[in-house]
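Just upload_22.txt here, compact mmCIF, C-alpha atoms:
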# COMPACT_ATOMS: atom_id res chain seq x y z
CA MET A 108 105.76 83.89 106.09
CA ARG A 109 102.16 82.98 106.85
CA SER A 110 100.91 86.57 106.54
CA ILE A 111 102.46 86.90 103.06
CA GLY A 112 100.79 83.65 101.95
CA THR A 113 97.45 84.77 103.37
CA GLY A 114 97.70 88.13 101.65
CA ARG A 115 98.56 86.52 98.33
CA ALA A 116 95.59 84.17 98.68
CA LEU A 117 93.24 87.08 99.40
CA PHE A 118 94.47 88.95 96.34
CA ALA A 119 94.17 85.81 94.18
CA ILE A 120 90.57 85.34 95.32
CA ALA A 121 89.77 88.99 94.61
CA CYS A 122 91.24 88.84 91.09
CA ALA A 123 89.53 85.53 90.34
CA SER A 124 86.19 86.94 91.53
CA ILE A 125 86.51 89.91 89.17
CA ALA A 126 87.40 87.58 86.29
CA ILE A 127 84.53 85.17 86.94
CA LEU A 128 82.05 88.04 87.21
CA SER A 129 83.28 89.53 83.93
CA LEU A 130 82.92 86.18 82.18
CA SER A 131 79.46 85.62 83.69
CA TYR A 132 77.95 88.96 82.67
CA GLY A 133 80.14 89.93 79.72
CA ASP A 134 81.14 93.28 81.15
CA PHE A 135 84.01 94.94 82.96
CA VAL A 136 84.09 95.00 86.77
CA PRO A 137 83.18 97.38 88.25
CA LYS A 138 80.35 98.03 85.84
CA GLY A 139 80.48 101.34 84.07
CA GLN A 140 84.28 101.44 83.78
CA PRO A 141 85.38 103.63 80.86
CA PHE A 142 86.61 101.93 77.73
CA PRO A 143 88.42 103.94 75.04
CA ALA A 144 86.03 104.45 72.14
CA TRP A 145 88.90 104.30 69.66
CA LEU A 146 89.70 100.70 70.58
CA PRO A 147 87.77 98.13 68.52
CA GLY A 148 86.31 94.90 69.84
CA ARG A 149 85.11 95.86 73.31
CA GLU A 150 83.67 92.39 73.89
CA ALA A 151 86.97 90.74 72.97
CA TRP A 152 88.78 92.96 75.48
CA ILE A 153 86.26 92.06 78.19
CA TYR A 154 86.62 88.29 77.78
CA GLY A 155 90.34 88.41 76.99
CA SER A 156 91.21 90.45 80.07
CA ALA A 157 88.95 88.26 82.24
CA ILE A 158 90.66 85.06 81.07
CA LEU A 159 94.07 86.65 81.61
CA LEU A 160 93.07 87.81 85.09
CA LEU A 161 91.77 84.35 85.97
CA ALA A 162 94.98 82.69 84.78
CA LEU A 163 97.14 85.15 86.73
CA SER A 164 95.12 84.67 89.90
CA GLY A 165 95.81 80.95 89.58
CA GLY A 166 99.49 81.71 89.06
CA LEU A 167 99.56 83.46 92.44
CA CYS A 168 98.78 80.15 94.10
CA PHE A 169 102.07 78.49 93.14
CA SER A 170 105.48 79.62 94.35
CA ARG A 171 107.20 79.20 90.96
CA THR A 172 104.68 81.38 89.15
CA THR A 173 103.95 83.91 91.89
CA LEU A 174 106.46 86.56 90.84
CA PRO A 175 105.73 86.59 87.07
CA SER A 176 101.99 86.49 87.79
CA LEU A 177 102.29 89.32 90.27
CA LEU A 178 104.35 91.46 87.88
CA THR A 179 101.93 90.83 85.03
CA LEU A 180 99.01 91.68 87.29
CA GLY A 181 100.80 94.89 88.21
CA VAL A 182 101.19 95.86 84.56
CA TYR A 183 97.56 94.92 83.87
CA GLN A 184 96.31 97.06 86.76
CA LEU A 185 98.63 99.91 85.78
CA VAL A 186 97.14 99.99 82.27
CA TRP A 187 93.62 99.83 83.67
CA THR A 188 94.40 102.64 86.12
CA ALA A 189 95.70 104.77 83.25
CA VAL A 190 92.52 104.09 81.26
CA CYS A 191 90.38 105.13 84.24
CA ALA A 192 92.45 108.29 84.66
CA LEU A 193 91.66 109.53 81.13
CA PRO A 194 88.16 110.91 81.96
CA ILE A 195 89.68 113.04 84.71
CA PHE A 196 91.37 115.26 82.12
CA SER A 197 88.04 116.15 80.53
CA MET A 198 86.01 116.22 83.78
CA PRO A 199 88.47 117.08 86.57
CA ARG A 200 85.74 118.23 88.95
CA ASP A 201 83.54 115.18 88.53
CA VAL A 202 83.65 113.02 91.66
CA GLY A 203 82.53 109.93 89.76
CA THR A 204 85.57 109.98 87.48
CA TRP A 205 87.91 110.24 90.46
CA TYR A 206 86.02 107.43 92.20
CA GLY A 207 86.55 105.13 89.23
CA PHE A 208 90.22 106.04 89.16
CA CYS A 209 90.63 105.23 92.87
CA GLU A 210 88.82 101.90 92.46
CA ALA A 211 91.24 100.98 89.66
CA LEU A 212 94.29 102.22 91.58
CA THR A 213 93.57 100.17 94.70
CA PRO A 214 94.16 96.70 93.16
CA LEU A 215 97.38 98.05 91.64
CA LEU A 216 98.48 99.02 95.14
CA SER A 217 97.63 95.49 96.34
CA ALA A 218 100.03 94.04 93.77
CA TRP A 219 102.60 96.68 94.73
CA ILE A 220 102.41 95.78 98.43
CA LEU A 221 102.75 92.07 97.67
CA TYR A 222 105.78 92.79 95.47
CA GLY A 223 107.45 94.20 98.55
CA ARG A 224 109.37 97.14 97.07
CA ALA A 225 108.81 100.75 98.24
CA VAL A 226 105.84 99.49 100.24
CA ARG A 227 105.69 102.71 102.23
CA VAL A 228 104.80 104.60 99.05
CA ALA A 229 102.01 102.12 98.27
CA GLN A 230 100.66 102.44 101.82
CA ALA A 231 100.63 106.24 101.54
CA LEU A 232 98.86 106.14 98.16
CA PHE A 233 96.26 103.77 99.56
CA GLY A 234 95.80 106.23 102.41
CA LEU A 235 95.04 108.95 99.87
CA THR A 236 92.36 106.78 98.25
CA CYS A 237 90.81 106.23 101.69
CA ILE A 238 90.69 109.99 102.20
CA PHE A 239 88.86 110.32 98.88
CA TYR A 240 86.42 107.51 99.78
CA GLY A 241 85.67 109.34 103.02
CA TRP A 242 85.19 112.68 101.26
CA SER A 243 82.75 111.04 98.84
CA HIS A 244 80.55 110.12 101.83
CA PHE A 245 80.00 113.85 102.37
CA PHE A 246 79.54 114.59 98.67
CA TYR A 247 77.00 111.75 98.32
CA ALA A 248 75.70 111.93 101.89
CA ASP A 249 72.04 111.16 101.13
CA TYR A 250 72.93 108.30 98.80
CA THR A 251 75.33 106.82 101.37
CA ALA A 252 72.76 107.20 104.16
CA GLY A 253 70.23 105.30 102.03
CA MET A 254 72.56 102.29 101.99
CA VAL A 255 72.79 102.05 105.78
CA PRO A 256 70.93 98.93 107.01
CA ALA A 257 67.41 99.80 108.17
CA TRP A 258 67.93 98.34 111.65
CA LEU A 259 70.71 100.84 112.40
CA PRO A 260 69.79 104.30 113.75
CA ALA A 261 70.83 107.74 112.50
CA HIS A 262 71.52 106.83 108.88
CA LEU A 263 72.80 110.24 107.85
CA GLY A 264 74.93 110.46 110.98
CA LEU A 265 76.47 107.08 110.21
CA ALA A 266 77.21 108.19 106.66
CA TYR A 267 79.13 111.17 108.02
CA PHE A 268 80.78 109.11 110.76
CA THR A 269 82.07 106.46 108.36
CA GLY A 270 83.26 109.23 106.05
CA ILE A 271 85.28 110.70 108.90
CA ALA A 272 86.57 107.21 109.75
CA HIS A 273 87.79 106.70 106.16
CA ILE A 274 89.53 110.08 106.23
CA ALA A 275 91.13 109.41 109.63
CA ALA A 276 92.42 106.02 108.49
CA GLY A 277 93.72 107.55 105.27
CA ILE A 278 95.58 110.27 107.14
CA GLY A 279 97.06 107.68 109.47
CA LEU A 280 98.34 105.61 106.55
CA THR A 281 99.58 108.57 104.53
CA LEU A 282 101.42 110.25 107.41
CA GLY A 283 102.42 107.06 109.23
CA VAL A 284 100.41 107.88 112.38
CA LEU A 285 99.26 104.61 113.98
CA PRO A 286 99.35 103.07 110.48
CA ARG A 287 98.79 99.47 111.54
CA LEU A 288 95.71 100.39 113.55
CA ALA A 289 94.49 102.65 110.74
CA ALA A 290 94.87 99.94 108.08
CA THR A 291 93.23 97.28 110.25
CA LEU A 292 90.22 99.43 111.13
CA GLU A 293 89.88 100.46 107.47
CA ALA A 294 89.95 96.80 106.41
CA ILE A 295 87.27 95.89 108.97
CA MET A 296 85.07 98.81 107.90
CA MET A 297 85.40 98.01 104.19
CA SER A 298 84.69 94.33 104.80
CA LEU A 299 81.62 95.12 106.90
CA PHE A 300 80.35 97.43 104.16
CA GLY A 301 80.35 94.57 101.68
CA LEU A 302 78.87 92.07 104.12
CA MET A 303 76.28 94.33 105.79
CA VAL A 304 75.18 96.40 102.79
CA TRP A 305 75.64 94.45 99.56
CA VAL A 306 75.06 90.87 100.74
CA PRO A 307 71.64 91.66 102.30
CA SER A 308 70.63 93.58 99.16
CA PHE A 309 70.27 90.24 97.33
CA PHE A 310 67.49 89.23 99.73
CA MET A 311 65.56 92.52 99.83
CA HIS A 312 62.11 92.63 98.21
CA PRO A 313 61.61 94.99 96.60
CA ARG A 314 65.22 95.58 95.65
CA PRO A 315 66.46 98.94 96.99
CA ALA A 316 66.84 101.71 94.42
CA TRP A 317 70.60 101.99 95.02
CA ALA A 318 71.16 98.30 94.26
CA THR A 319 69.78 98.56 90.68
CA SER A 320 70.37 95.32 88.72
CA THR A 321 71.67 91.96 89.96
CA PRO A 322 74.92 92.28 87.92
CA ASN A 323 75.49 95.65 89.59
CA GLN A 324 74.96 94.10 93.02
CA TRP A 325 77.56 91.43 92.34
CA SER A 326 79.91 94.01 90.87
CA GLU A 327 79.66 96.29 93.90
CA LEU A 328 80.07 93.38 96.32
CA VAL A 329 83.19 92.11 94.56
CA VAL A 330 84.67 95.61 94.27
CA SER A 331 83.99 96.33 97.96
CA LEU A 332 85.79 93.17 99.04
CA THR A 333 88.62 93.86 96.58
CA LEU A 334 89.15 97.27 98.18
CA ALA A 335 89.04 95.62 101.60
CA THR A 336 91.72 93.19 100.42
CA CYS A 337 94.12 96.09 99.84
CA ALA A 338 93.44 97.35 103.35
CA TRP A 339 94.14 93.90 104.79
CA LEU A 340 97.35 93.70 102.75
CA ALA A 341 98.40 97.12 104.04
CA ALA A 342 97.73 95.94 107.60
CA MET A 343 99.74 92.75 107.02
CA SER A 344 102.62 94.73 105.57
CA LEU A 345 102.69 96.67 108.86
CA ARG A 346 102.82 93.57 111.05
CA ASP A 347 106.20 94.65 112.48
CA ARG A 348 104.75 97.95 113.71
CA ARG A 349 103.27 98.28 117.16
CA TRP A 350 99.60 99.19 117.54
CA GLY A 351 100.26 102.33 119.58
CA PHE A 352 102.63 105.25 119.41
CA SER A 353 105.60 103.21 120.64
CA SER A 354 108.59 102.77 118.38
CA PRO A 355 108.56 99.77 116.01
CA ALA A 356 109.35 96.41 117.53
What would the structure in this file look like if it were written as structure tokens?
Amino acid sequence: MRSIGTGRALFAIACASIAILSLSYGDFVPKGQPFPAWLPGREAWIYGSAILLLALSGGLCFSRTTLPSLLTLGVYQLVWTAVCALPIFSMPRDVGTWYGFCEALTPLLSAWILYGRAVRVAQALFGLTCIFYGWSHFFYADYTAGMVPAWLPAHLGLAYFTGIAHIAAGIGLTLGVLPRLAATLEAIMMSLFGLMVWVPSFFMHPRPAWATSTPNQWSELVVSLTLATCAWLAAMSLRDRRWGFSSPA
């Protein structure tokens, strides 16, 4: 179906963007991802995984290679999610470690949704990550408010409002309450975050403090749109559900 093809294309673009960025800057995306100290050859892992990711994203574009590419991507993302979960055991109360874990989990859920098995579980797990993203807006309220475009009013209020919106969408997806509407609004909000916050940051002089370096800007932009891709995939997977409280079509 057209929606399945569109979703696969979005995921392929997201994976290819991560791979190209890794190859360009010689680092993992997002920047600052943990890498086990006991593994040798960090640079080899960076370039090797980027080349693999780029090849698999190309494999998603052809019907004969879609399934093996998707399964391999799933395994790749599962390993990366496990790696990002390791710091949680030593710092379970650190929000940053949980944030990195959620960012790694979301692409895995994208592959899961495209695979088309137990999709409801993947939707619910994505909902839980949205709840965490919303909660982080309250934990990092001042930082989030600083990223709100200058031409918008009430920066701190918008930080809280978008946090509540993330949480509401996450609850809707997790509990199955207006899930299609929740996923669609979450996808729009995540997409706007990348387009309204990170894209303009490249043209700001001086560069805002939260943008830090140019590689970080590209990393955050790509990650934001990758997270949005999962939301769009969740919305597409709910295309048979009505927008309101009526029973499914």
Inset, instruction - Could you tell me how far CA of Ile153 (chain A) lies from CA of Ser129 (chain A), in Å and to one decimal? - result: 6.9 Å
Legend entry - Separation of CA of Val226 (chain A) from CA of Leu117 (chain A), in Å and rounded to one decimal: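 CA of Val226 (chain A) sits 17.7 Å away from CA of Leu117 (chain A).
Nearest residue to Gln230 (chain A) among A:Leu280, A:Leu265, A:Ala272, A:Cys337 is A:Leu280, counting only C-alpha atoms.
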Legend entry - Best match for closeness to Cys168 (chain A) among A:Ala151, A:Ile120, A:Leu185, A:Val136, counting only C-alpha atoms: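 Closest to Cys168 (chain A) of all the choices is A:Ile120.
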Inset, instruction - Pick out the closest residue to Ala121 (chain A) from this set: A:Ala341, A:Phe300, A:Ala229, A:Ser326. Count all atoms listed in the file. - result: A:Ser326
Could you pull the residues within 12 Å of region 321-325 of chain A, counting all atoms listed in the file, minus those fewer than 2 positions along the same chain, as an mmCIF file with C-alpha atoms, keeping the file's coordinate frame?
data_model
loop_
_atom_site.group_PDB
_atom_site.id
_atom_site.type_symbol
_atom_site.label_atom_id
_atom_site.label_comp_id
_atom_site.auth_asym_id
_atom_site.auth_seq_id
_atom_site.Cartn_x
_atom_site.Cartn_y
_atom_site.Cartn_z
ATOM 1 C CA SER A 124 86.190 86.940 91.530
ATOM 2 C CA ILE A 125 86.510 89.910 89.170
ATOM 3 C CA ILE A 127 84.530 85.170 86.940
ATOM 4 C CA LEU A 128 82.050 88.040 87.210
ATOM 5 C CA SER A 129 83.280 89.530 83.930
ATOM 6 C CA LEU A 130 82.920 86.180 82.180
ATOM 7 C CA SER A 131 79.460 85.620 83.690
ATOM 8 C CA TYR A 132 77.950 88.960 82.670
ATOM 9 C CA GLY A 133 80.140 89.930 79.720
ATOM 10 C CA ASP A 134 81.140 93.280 81.150
ATOM 11 C CA PHE A 135 84.010 94.940 82.960
ATOM 12 C CA VAL A 136 84.090 95.000 86.770
ATOM 13 C CA PRO A 137 83.180 97.380 88.250
ATOM 14 C CA LYS A 138 80.350 98.030 85.840
ATOM 15 C CA GLY A 139 80.480 101.340 84.070
ATOM 16 C CA GLY A 301 80.350 94.570 101.680
ATOM 17 C CA LEU A 302 78.870 92.070 104.120
ATOM 18 C CA VAL A 304 75.180 96.400 102.790
ATOM 19 C CA TRP A 305 75.640 94.450 99.560
ATOM 20 C CA VAL A 306 75.060 90.870 100.740
ATOM 21 C CA PRO A 307 71.640 91.660 102.300
ATOM 22 C CA SER A 308 70.630 93.580 99.160
ATOM 23 C CA PHE A 309 70.270 90.240 97.330
ATOM 24 C CA PHE A 310 67.490 89.230 99.730
ATOM 25 C CA MET A 311 65.560 92.520 99.830
ATOM 26 C CA ARG A 314 65.220 95.580 95.650
ATOM 27 C CA PRO A 315 66.460 98.940 96.990
ATOM 28 C CA ALA A 316 66.840 101.710 94.420
ATOM 29 C CA TRP A 317 70.600 101.990 95.020
ATOM 30 C CA ALA A 318 71.160 98.300 94.260
ATOM 31 C CA THR A 319 69.780 98.560 90.680
ATOM 32 C CA GLU A 327 79.660 96.290 93.900
ATOM 33 C CA LEU A 328 80.070 93.380 96.320
ATOM 34 C CA VAL A 329 83.190 92.110 94.560
ATOM 35 C CA VAL A 330 84.670 95.610 94.270
ATOM 36 C CA SER A 331 83.990 96.330 97.960
ATOM 37 C CA LEU A 332 85.790 93.170 99.040
#
Legend entry - Between CA of Ala294 (chain A) and CA of Ala338 (chain A), distance in Å (one decimal):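 These atoms are spaced 4.7 Å apart.
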Inset, instruction - Point out the residue among A:Leu288, A:Ile238, A:Ala218, A:Val190 with the least atom-to-atom distance to Ala116 (chain A), counting all atoms listed in the file. - result: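 Once distances to Ala116 (chain A) are computed over all atoms listed in the file, the minimum belongs to A:Ala218.
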Inset, instruction - Could you give me, as a ChimeraX atom specification, the residues within 10 Å of Phe352 (chain A), counting all atoms listed in the file and dropping anything in the same chain fewer than 4 positions from it? - result: /A:284-286,348
Inset, instruction - Have a look at A:Phe118, A:Trp258, A:Trp339, A:Gly207 and name the one nearest to Phe142 (chain A); count only C-alpha atoms. - result: A:Gly207
Exercise: residues within 12 Å of coordinate (95.9, 99.6, 97.9), counting only C-alpha atoms, as a PDB file with C-alpha atoms, in the frame of the given file:
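part-v9.pdb, freshly written:
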ATOM      1  CA  PHE A 118      94.470  88.950  96.340  1.00  0.00           C
ATOM      2  CA  GLY A 181     100.800  94.890  88.210  1.00  0.00           C
ATOM      3  CA  GLN A 184      96.310  97.060  86.760  1.00  0.00           C
ATOM      4  CA  CYS A 209      90.630 105.230  92.870  1.00  0.00           C
ATOM      5  CA  GLU A 210      88.820 101.900  92.460  1.00  0.00           C
ATOM      6  CA  ALA A 211      91.240 100.980  89.660  1.00  0.00           C
ATOM      7  CA  LEU A 212      94.290 102.220  91.580  1.00  0.00           C
ATOM      8  CA  THR A 213      93.570 100.170  94.700  1.00  0.00           C
ATOM      9  CA  PRO A 214      94.160  96.700  93.160  1.00  0.00           C
ATOM     10  CA  LEU A 215      97.380  98.050  91.640  1.00  0.00           C
ATOM     11  CA  LEU A 216      98.480  99.020  95.140  1.00  0.00           C
ATOM     12  CA  SER A 217      97.630  95.490  96.340  1.00  0.00           C
ATOM     13  CA  ALA A 218     100.030  94.040  93.770  1.00  0.00           C
ATOM     14  CA  TRP A 219     102.600  96.680  94.730  1.00  0.00           C
ATOM     15  CA  ILE A 220     102.410  95.780  98.430  1.00  0.00           C
ATOM     16  CA  LEU A 221     102.750  92.070  97.670  1.00  0.00           C
ATOM     17  CA  VAL A 226     105.840  99.490 100.240  1.00  0.00           C
ATOM     18  CA  ARG A 227     105.690 102.710 102.230  1.00  0.00           C
ATOM     19  CA  VAL A 228     104.800 104.600  99.050  1.00  0.00           C
ATOM     20  CA  ALA A 229     102.010 102.120  98.270  1.00  0.00           C
ATOM     21  CA  GLN A 230     100.660 102.440 101.820  1.00  0.00           C
ATOM     22  CA  ALA A 231     100.630 106.240 101.540  1.00  0.00           C
ATOM     23  CA  LEU A 232      98.860 106.140  98.160  1.00  0.00           C
ATOM     24  CA  PHE A 233      96.260 103.770  99.560  1.00  0.00           C
ATOM     25  CA  GLY A 234      95.800 106.230 102.410  1.00  0.00           C
ATOM     26  CA  LEU A 235      95.040 108.950  99.870  1.00  0.00           C
ATOM     27  CA  THR A 236      92.360 106.780  98.250  1.00  0.00           C
ATOM     28  CA  CYS A 237      90.810 106.230 101.690  1.00  0.00           C
ATOM     29  CA  GLY A 277      93.720 107.550 105.270  1.00  0.00           C
ATOM     30  CA  LEU A 280      98.340 105.610 106.550  1.00  0.00           C
ATOM     31  CA  THR A 281      99.580 108.570 104.530  1.00  0.00           C
ATOM     32  CA  ALA A 290      94.870  99.940 108.080  1.00  0.00           C
ATOM     33  CA  GLU A 293      89.880 100.460 107.470  1.00  0.00           C
ATOM     34  CA  ALA A 294      89.950  96.800 106.410  1.00  0.00           C
ATOM     35  CA  THR A 333      88.620  93.860  96.580  1.00  0.00           C
ATOM     36  CA  LEU A 334      89.150  97.270  98.180  1.00  0.00           C
ATOM     37  CA  ALA A 335      89.040  95.620 101.600  1.00  0.00           C
ATOM     38  CA  THR A 336      91.720  93.190 100.420  1.00  0.00           C
ATOM     39  CA  CYS A 337      94.120  96.090  99.840  1.00  0.00           C
ATOM     40  CA  ALA A 338      93.440  97.350 103.350  1.00  0.00           C
ATOM     41  CA  TRP A 339      94.140  93.900 104.790  1.00  0.00           C
ATOM     42  CA  LEU A 340      97.350  93.700 102.750  1.00  0.00           C
ATOM     43  CA  ALA A 341      98.400  97.120 104.040  1.00  0.00           C
ATOM     44  CA  ALA A 342      97.730  95.940 107.600  1.00  0.00           C
ATOM     45  CA  SER A 344     102.620  94.730 105.570  1.00  0.00           C
TER      46      SER A 344
END
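With only C-alpha atoms as the atoms that count, the residue of A:Ser164, A:Thr179, A:Thr173, A:Thr204 with the shortest distance to Cys191 (chain A) is A:Thr204.
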Edge lengths and centre in Å, axis-aligned, region 343-352 of chain A plus 3 Å each side, as AutoDock Vina command-line options:
--center_x 102.9 --center_y 99.0 --center_z 112.6 --size_x 12.6 --size_y 18.5 --size_z 20.0
